[in-house]
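Before any comments, here is the structure.
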Amino acid sequence: MNFWQFVLQNHTEVLELTGEHLWLVGVSTVLAVLIGIPLGILITRKPALNKPILGSANIIQTIPSLALFGFLLPAPWIGERADRLAILALTLYALLPLIRNTYTGIKGVDRSVVEAARGMGMTDGQLLWQVELPLALGVIIAGVRVATVISIGLATIAAAIGAGGLGEYIFRGLAMVNNSVILAGAIPAAILALLADVSLGWLEKRLSPR
Amino acid sequence: MTSVANGNVIEFRNVSYRLSNGSELLHNLNLEVQIGETLVLLGRSGSGKTTTLKLINHLLIPSDGEVQVNGRSTRDWDVIQLRRGIGYAIQDVGLFPHFTVARNIAVVPQIEAWPADRIQGRVQELMKLAGLDPQLAGRYPRELSGGQRQRVGVARALAADPPILLMDEPFGALDPITRVEVQREFLALQKRLHKTVVFVTHDLREALLLGTRIALMEAGKLVAVLPAKEFAGSPDPLVAQYIAAFGPEPNT
């Protein structure tokens, strides 16, 4: 049976697994945005926290994904269900690009603009919301883009702990030594990654100050 | 802001400023700026002019001594209130690239929460005052010429009608012809508005044209403070040296 036949015969399952995959990536990316962007802002305000926070995010990134899933297994509540575990791991991986891009985006805002804003009597909050964040938005979205694309690839490994997603086919195909089944997982995942890359790339361009 | 009895709007009292690595950018400065005058801080790069200026609106904090604005030390001011009473125009202009001309001019009125119709009226008034075509209101800074950007910078600094204006080489990036034009406009503007202005420049001709008094600075120290009319004829050797160094035909 070739790849196309397999996909046609199992199209409901392919869609279901794609849906699971999107769920894992979507929830973890939203969580990572909600945590990573505030942390990125925080380290522009408190330089002393810069090294510990960026350092931790860096270290997380170096942990092999299978090992990270394993480490998190004993965690209460989270360890009870595979999808919670996968979401936590994916969130942790997505933090680094988000924190780093938020930080570099804000730090990259023209110093004369920031100085003018301060000199005119903007409060720190006004400076952040009216000047720094709008001007850093393109760089921050670039971080979301990198995080999302990485997550879509990484989420395939979540199947190893039973969290579902397109990785199911990849692991099943490996066990069956069946390339069609592997491709039924790999190709939709690759398409998702490309779509995310193109759409977020478009958004990044639109929101970058010209 | 209220004016003060002795006419000194800004006073430097034994002010020194050092970087955290210990190098001294400003040494024991004593200087007063009187109400309604344009005091020019003149000197070459690194003489401490910009440092002096930033001490006034508390972008920098004195290492020793104190700076008083309207009789009160900048340390005791609520820094946001202090800055909103002081217009600030800088060399790189620092216009917000993501705001239109109108929005740039409206920044201070906006953060001061003026009603929208009052802001709009003020923006139109300022654009006229600064010699800007009203059609430019919807443009972004990148779509303007250098001269137009500088005018927007000055209009923005004047927006909330602050009694004090700090200007750091605001016309420095302009070609000589536009520069003379903008200087004349500024002079005419100042004749009407009577702001207390502290104006930083290295350009002797600009200092002589715009200044009521000129404070010459060198290597973090104040060399001399003279009325602009007496500056060129001053017997002070350091003043004479600066004038001589500038050459008979100032070219900037």
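Simple scheme: letters A, B, ... for chains in structure tokens order, numbers from 1 for residues in each chain, numbers from 1 for ligands in the order shown.
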Residues near Ser145 in chain B, anyone? I mean within 12 Å using only C-alpha atoms, not counting same-chain ones fewer than 3 positions away, as a list of chain:residue names.
B:Leu132, B:Leu136, B:Arg139, B:Tyr140, B:Pro141, B:Arg142, B:Gln148, B:Arg149, B:Gln150, B:Arg151, B:Val152, B:Ala173, B:Leu174, B:Asp175, B:Thr178
Pick out the residues sitting within 8 Å of Arg100 in chain A, and hand them over as an MDAnalysis selection string; count only C-alpha atoms, and ignore anything fewer than 3 positions along from it in its own chain.
chainID A and resid 40 54 96:97 103:104 143
Just-selected residues, N, CA, C and O atoms written as a PDB file, in the first residue's frame:
```
ATOM      1  N   GLY A  40      10.428  38.203  29.065  1.00  0.00           N
ATOM      2  CA  GLY A  40      11.315  38.996  28.205  1.00  0.00           C
ATOM      3  C   GLY A  40      11.266  40.469  28.569  1.00  0.00           C
ATOM      4  O   GLY A  40      12.287  41.156  28.616  1.00  0.00           O
ATOM      5  N   LEU A  54      17.457  33.897  31.096  1.00  0.00           N
ATOM      6  CA  LEU A  54      17.865  33.416  29.773  1.00  0.00           C
ATOM      7  C   LEU A  54      18.684  32.133  29.883  1.00  0.00           C
ATOM      8  O   LEU A  54      18.558  31.225  29.063  1.00  0.00           O
ATOM      9  N   LEU A  96      12.432  29.853  25.180  1.00  0.00           N
ATOM     10  CA  LEU A  96      13.678  30.543  24.832  1.00  0.00           C
ATOM     11  C   LEU A  96      13.515  31.534  23.670  1.00  0.00           C
ATOM     12  O   LEU A  96      13.833  32.712  23.829  1.00  0.00           O
ATOM     13  N   PRO A  97      12.991  31.069  22.513  1.00  0.00           N
ATOM     14  CA  PRO A  97      12.857  32.064  21.435  1.00  0.00           C
ATOM     15  C   PRO A  97      11.966  33.240  21.809  1.00  0.00           C
ATOM     16  O   PRO A  97      12.212  34.361  21.362  1.00  0.00           O
ATOM     17  N   TYR A 103      13.192  40.324  24.442  1.00  0.00           N
ATOM     18  CA  TYR A 103      14.288  41.112  25.009  1.00  0.00           C
ATOM     19  C   TYR A 103      15.052  41.876  23.922  1.00  0.00           C
ATOM     20  O   TYR A 103      15.209  43.097  24.005  1.00  0.00           O
ATOM     21  N   THR A 104      15.483  41.154  22.893  1.00  0.00           N
ATOM     22  CA  THR A 104      16.280  41.836  21.866  1.00  0.00           C
ATOM     23  C   THR A 104      15.424  42.836  21.085  1.00  0.00           C
ATOM     24  O   THR A 104      15.918  43.885  20.684  1.00  0.00           O
ATOM     25  N   GLY A 143       9.847  35.624  17.011  1.00  0.00           N
ATOM     26  CA  GLY A 143      10.076  34.640  18.074  1.00  0.00           C
ATOM     27  C   GLY A 143       8.933  33.644  18.156  1.00  0.00           C
ATOM     28  O   GLY A 143       9.151  32.438  18.291  1.00  0.00           O
TER      29      GLY A 143
END
```
Give the residues of chain B that lie within 6 Å of chain A; count only C-alpha atoms, and format the answer as a list in words.
Ile80, Arg83, Arg84 and Gly94 of chain B
Find the residues near Leu95 in chain A: any atom within 8 Å, counting only C-alpha atoms, skip ones fewer than 2 places away on the same chain, and give them as a list of chain:residue names.
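My list of contacting residues is A:Ala32, A:Val33, A:Ile35, A:Gly36, A:Ala57, A:Thr91, A:Leu92, A:Tyr93, A:Pro97, A:Leu98, A:Ile99, A:Ala147.
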Please run DSSP on the backbone and report, as a ChimeraX atom specification, all residues within range 30-96 of chain A that come out as alpha helix (DSSP H).
/A:30-45,50-62,65-72,82-96
With only C-alpha atoms as the basis for distance, which of A:Pro74, A:Lys46, A:Lys205, A:Ala89 is at the shortest distance from Ile60 in chain A?
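For Ile60 in chain A, the nearest of the given residues is A:Ala89.
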So what do you get for CA of Gly185 in chain A versus CA of Leu166 in chain A, distance-wise?
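CA of Leu166 in chain A lies 4.7 Å from CA of Gly185 in chain A.
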CA of Ala130 in chain B and CA of Leu189 in chain B are how many Å apart?
8.2 Å
Work out how far CA of Gly87 in chain B is from CA of Leu31 in chain B, in Å to one decimal.
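Value for the CA of Leu31 in chain B-CA of Gly87 in chain B distance: 19.8 Å.
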Quick one: of A:Val14, A:Ile37, A:Val149, A:Leu73, who's nearest to Tyr169 in chain A, counting only C-alpha atoms?
A:Val14
For Thr212 in chain B: contacts at 12 Å, only C-alpha atoms, fewer than 2 positions along chain excluded, given as a PyMOL selection string
chain B and resi 33-41+187+190-191+194-199+206-210+214-215+225-231
Residue contacts of Leu194 in chain A (12 Å, only C-alpha atoms) excluding same-chain residues fewer than 4 positions away, as a count of residues only
15
